[in-house]
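> Let me begin by handing over the structure; questions about it come next.
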Amino acid sequence: MNKPEKISYEDLIKTITMFWIDRELEDSVAKEVNAAVNSLSTKLTKIDTKDGLKDYIASDKDSLGNILSLMEVSEEKFKRIISMLRRERKYIFSTEWSLEKTRSMILDNQSLMEDVCELLMNGANSERYKRKIPDFYRDSFKIDSSTMARLTDNNELTRLAKSRLDVKYNNSVAGVVNKKVEESVRLTCDLEGLTYAKNKIIICLDKSFLFAIPDVENPRIVIDCSYNITTSSTQSKYADKIKDTRKQIKDKGCKMIIVSVLEGAGWVGRQSDFRTIFDNSDYTLNIANIGLLDQIIRYSMEE
């Protein structure tokens with residue numbers, strides 16, 4: 001068969017799905033948000049006392065994230081302050097603690113729990129924290145009447161619930177897009193009697209790809225997929241991965257095709273990285289033209 005034509009950069013931008021909508025996922029997330037709102041409206045009602053705050057932290061694995069969202073304090077800012085407290089206590093420091101790890105540690109260390117509760121409840125006015133944290137960062141750390149009033153505002157609770165689900169939602173949408181790609185890969189491979197490996201490290205590249213056909217030891221095709229709504233430095237890292245893969249294939253003299261599937265408004269917003277991926281992939285696709293993957297697979301395996 002003839003070699004499939006590469007879709008132009010301009011046509012990819014025109015046909016990319018800016019916001020992927022999956023009705024089943026949307027309905028599921030809406031139910032999760034409603035459940036979270038109902039839970040938050042009751043669970044956080046006593047965090048304006050030290051004992052109530054401690055009890056809530058002990059009872060809910062997502063407590064710290066919910067409290068920070070209610071106070072409108074960023075998770076990253078909180079992590080920096082926790083790192084400061086760890087240094088004061090001479091903890092062995094290799095990496096920052098996640099919110100889950102922080103909760104686990106303060107439940108096991110009453111002194112650290114006291115410090116964290118002081119920060120959350122009254123860090124804005126605490127003489128101790130005034131000496132350690134700039135006003136600009138510290139002023140948001142307070143649980144007062146205005147903070148608690150947000151618990152009676154259904155719109156505010158919905159905002160809080162959605163903020164906690166934001167990463168999970170984006171990952172879920174990316175998973176839906178990945179499944180669309182897998183459906184196309186599986187259909188062609190089944191028809192052609194081919195095998196494929198999923199989310200495995202390609203041995204000669206020492207990199208993981210979403211799919212390798214026919215296997216990770218002697219792949220003829222590697223396929224990756226990325227869905228992004230927002231822009232971030234991770235897109236540059238992803239582009240660097242594809243660029244480095246192209247160089248490895250050239251240096252090793254491998255006969256291997258790179259297929260990149262890009263979706264989401266984040267890629268339209270970060271076209272410098274999009275262009276790097278386009279220039280270093282044999283084929284760049286999106287879901288609108290995923291049907292071309294069948295031709296690419298069959299042509300590549302015939303060579």
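We name chains A, B, ... following the order of the structure tokens; residues begin at 1 in each chain, and ligands are numbered from 1 as shown.
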Fewer than 5 positions away in the same chain doesn't count, so skip those; otherwise give me all residues within 10 Å of Ser260 of chain A, counting only C-alpha atoms, as a ChimeraX atom specification.

/A:210,222-226,242,277-278,280-286

> Write out, as a PDB file, in the first residue's frame, the residues just selected, with C-alpha atoms.


ATOM      1  CA  LEU A 210       1.228   4.339  25.491  1.00  0.00           C
ATOM      2  CA  VAL A 222       5.434   3.624  19.102  1.00  0.00           C
ATOM      3  CA  ILE A 223       2.300   5.623  19.843  1.00  0.00           C
ATOM      4  CA  ASP A 224       1.776   8.229  22.550  1.00  0.00           C
ATOM      5  CA  CYS A 225      -1.226  10.359  23.439  1.00  0.00           C
ATOM      6  CA  SER A 226      -1.525  13.592  25.424  1.00  0.00           C
ATOM      7  CA  ILE A 242       9.557  12.979  21.548  1.00  0.00           C
ATOM      8  CA  ILE A 277       6.300  17.212  18.580  1.00  0.00           C
ATOM      9  CA  PHE A 278       4.991  17.620  15.022  1.00  0.00           C
ATOM     10  CA  ASN A 280       9.883  15.033  15.457  1.00  0.00           C
ATOM     11  CA  SER A 281       6.988  12.615  14.895  1.00  0.00           C
ATOM     12  CA  ASP A 282       6.442  10.638  11.715  1.00  0.00           C
ATOM     13  CA  TYR A 283       2.725  11.262  12.156  1.00  0.00           C
ATOM     14  CA  THR A 284       0.805  13.591  14.451  1.00  0.00           C
ATOM     15  CA  LEU A 285      -2.910  12.930  14.824  1.00  0.00           C
ATOM     16  CA  ASN A 286      -5.954  13.887  16.837  1.00  0.00           C
TER      17      ASN A 286
END

> Which of segment 60-198 of chain A end up as helix (DSSP H, G or I) when DSSP is run on this backbone - answer as number ranges by chain?

A: 63-71, 75-88, 99-108, 110-122, 127-130, 135-138, 145-152, 154-192

> Of the candidates A:Ile257, A:Val268, A:Ile13, A:Val167, which shows the shortest atom-to-atom distance to Ile296 of chain A, using only C-alpha atoms?

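Smallest distance to Ile296 of chain A is found for A:Ile257.
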
> So which residues touch segment 92-96 of chain A within 12 Å, counting only C-alpha atoms, skipping near sequence neighbours fewer than 6 positions away, as an NGL selection string?

:A and (75-86 or 102)

> If you run DSSP on this backbone, which residues of segment 127-294 of chain A come out as strand (DSSP E), and could you give them as a PyMOL selection string?

chain A and resi 197-202+207-213+221-227+257-263+283-285

> Restricting the output to C-alpha atoms, write the selected residues as a PDB file, in the first residue's frame.


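Written output follows (result-v5.pdb):
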ATOM      1  CA  ALA A 197       2.099  -3.582  24.369  1.00  0.00           C
ATOM      2  CA  LYS A 198       0.411  -0.897  26.476  1.00  0.00           C
ATOM      3  CA  ASN A 199       2.142   1.542  28.857  1.00  0.00           C
ATOM      4  CA  LYS A 200       5.434  -0.315  28.732  1.00  0.00           C
ATOM      5  CA  ILE A 201       9.064   0.808  28.601  1.00  0.00           C
ATOM      6  CA  ILE A 202      10.565   0.403  25.133  1.00  0.00           C
ATOM      7  CA  LYS A 207      11.170   5.296  27.636  1.00  0.00           C
ATOM      8  CA  SER A 208       7.552   4.404  28.238  1.00  0.00           C
ATOM      9  CA  PHE A 209       4.968   4.830  25.485  1.00  0.00           C
ATOM     10  CA  LEU A 210       1.228   4.339  25.491  1.00  0.00           C
ATOM     11  CA  PHE A 211       1.478   1.648  22.789  1.00  0.00           C
ATOM     12  CA  ALA A 212       4.233  -0.288  21.060  1.00  0.00           C
ATOM     13  CA  ILE A 213       3.515  -2.509  18.050  1.00  0.00           C
ATOM     14  CA  ILE A 221       5.619   1.709  15.824  1.00  0.00           C
ATOM     15  CA  VAL A 222       5.434   3.624  19.102  1.00  0.00           C
ATOM     16  CA  ILE A 223       2.300   5.623  19.843  1.00  0.00           C
ATOM     17  CA  ASP A 224       1.776   8.229  22.550  1.00  0.00           C
ATOM     18  CA  CYS A 225      -1.226  10.359  23.439  1.00  0.00           C
ATOM     19  CA  SER A 226      -1.525  13.592  25.424  1.00  0.00           C
ATOM     20  CA  TYR A 227      -4.660  15.532  26.343  1.00  0.00           C
ATOM     21  CA  ILE A 257       7.774   5.106  13.457  1.00  0.00           C
ATOM     22  CA  ILE A 258       6.655   7.657  16.049  1.00  0.00           C
ATOM     23  CA  VAL A 259       2.947   8.515  16.165  1.00  0.00           C
ATOM     24  CA  SER A 260       1.805  11.317  18.485  1.00  0.00           C
ATOM     25  CA  VAL A 261      -1.861  11.940  19.268  1.00  0.00           C
ATOM     26  CA  LEU A 262      -2.504  15.410  20.710  1.00  0.00           C
ATOM     27  CA  GLU A 263      -5.830  16.723  21.964  1.00  0.00           C
ATOM     28  CA  TYR A 283       2.725  11.262  12.156  1.00  0.00           C
ATOM     29  CA  THR A 284       0.805  13.591  14.451  1.00  0.00           C
ATOM     30  CA  LEU A 285      -2.910  12.930  14.824  1.00  0.00           C
TER      31      LEU A 285
END

> Using Å and a single decimal, report how far atom CA of Leu70 of chain A sits from atom CA of Arg164 of chain A.

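Calculated distance between atom CA of Arg164 of chain A and atom CA of Leu70 of chain A is 10.4 Å.
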
> Within 7 Å of Arg220 of chain A, counting only C-alpha atoms, which residues show up once you throw out same-chain ones fewer than 6 positions away? Write them as a list in words, please.

Ile213, Pro214, Lys255, Met256, Ile257, Ser300 and Met301 of chain A

> Could you turn the residues from that selection into a file that holds C-alpha atoms, as a PDB file, in the first residue's frame?


ATOM      1  CA  ILE A 213       3.515  -2.509  18.050  1.00  0.00           C
ATOM      2  CA  PRO A 214       4.181  -5.422  17.981  1.00  0.00           C
ATOM      3  CA  LYS A 255      13.390   1.238  11.862  1.00  0.00           C
ATOM      4  CA  MET A 256      10.670   2.713  14.038  1.00  0.00           C
ATOM      5  CA  ILE A 257       7.774   5.106  13.457  1.00  0.00           C
ATOM      6  CA  SER A 300       4.516   0.292   8.764  1.00  0.00           C
ATOM      7  CA  MET A 301       4.186  -3.438   9.314  1.00  0.00           C
TER       8      MET A 301
END

> So, with only C-alpha atoms as the atoms that count, which of A:Glu26, A:Leu68, A:Lys180, A:Asn228 lies closest to Asn289 of chain A?

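That would be A:Lys180, the residue with the smallest distance to Asn289 of chain A.
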
> Taking only C-alpha atoms into account, name the residue in A:Asp251, A:Glu32, A:Glu5, A:Glu118 that is nearest to Lys142 of chain A.

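For Lys142 of chain A, the nearest of the given residues is A:Glu118.
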
> Between A:Ser184, A:Thr276, A:Ser41, A:Thr230, which has the minimum distance to Glu156 of chain A (counting only C-alpha atoms)?

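Going through A:Ser184, A:Thr276, A:Ser41, A:Thr230 one by one, the smallest distance to Glu156 of chain A is for A:Ser41.
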
> So how many Å separate atom CA of Gly193 of chain A and atom CA of Ile290 of chain A, to one decimal?

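Separation between atom CA of Gly193 of chain A and atom CA of Ile290 of chain A: 19.8 Å.
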
> Of the candidates A:Ser69, A:Ser236, A:Ile7, A:Pro219, which one gets nearest to Ile249 of chain A if we count only C-alpha atoms?

A:Pro219

> State, in Å with one decimal place, the distance from atom CA of Leu151 of chain A to atom CA of Lys43 of chain A.

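Going from atom CA of Leu151 of chain A over to atom CA of Lys43 of chain A, I get 9.8 Å.
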
> Compile the contact shell of Ser163 of chain A as a PyMOL selection string: residues with an atom at most 12 Å away, counting only C-alpha atoms, same-chain residues fewer than 5 positions apart removed.

chain A and resi 33+36-37+65-70+72-75+156-158+168-170

> Those residues with C-alpha atoms, as a CSV table (one decimal), in the first residue's frame please?


chain,number,residue,atom,x,y,z
A,33,VAL,CA,-19.6,17.1,43.2
A,36,ALA,CA,-18.9,16.3,48.2
A,37,VAL,CA,-21.0,19.5,48.7
A,65,GLY,CA,-7.1,19.8,50.9
A,66,ASN,CA,-10.6,20.8,51.8
A,67,ILE,CA,-9.5,23.2,54.5
A,68,LEU,CA,-7.0,24.9,52.2
A,69,SER,CA,-9.6,25.3,49.5
A,70,LEU,CA,-12.1,26.7,52.0
A,72,GLU,CA,-8.4,29.9,49.5
A,73,VAL,CA,-4.8,28.9,50.2
A,74,SER,CA,-2.8,27.2,47.6
A,75,GLU,CA,-1.5,23.6,48.2
A,156,GLU,CA,-19.0,28.4,47.4
A,157,LEU,CA,-19.2,24.8,48.4
A,158,THR,CA,-19.6,23.7,44.8
A,168,LYS,CA,-9.0,13.9,38.9
A,169,TYR,CA,-11.4,15.2,36.3
A,170,ASN,CA,-8.7,16.2,33.8

> Select, from A:Ala30, A:Asp135, A:Ile229, A:Arg298, the residue with the minimum atom-to-atom distance to Ala174 of chain A, counting only C-alpha atoms.

A:Ile229
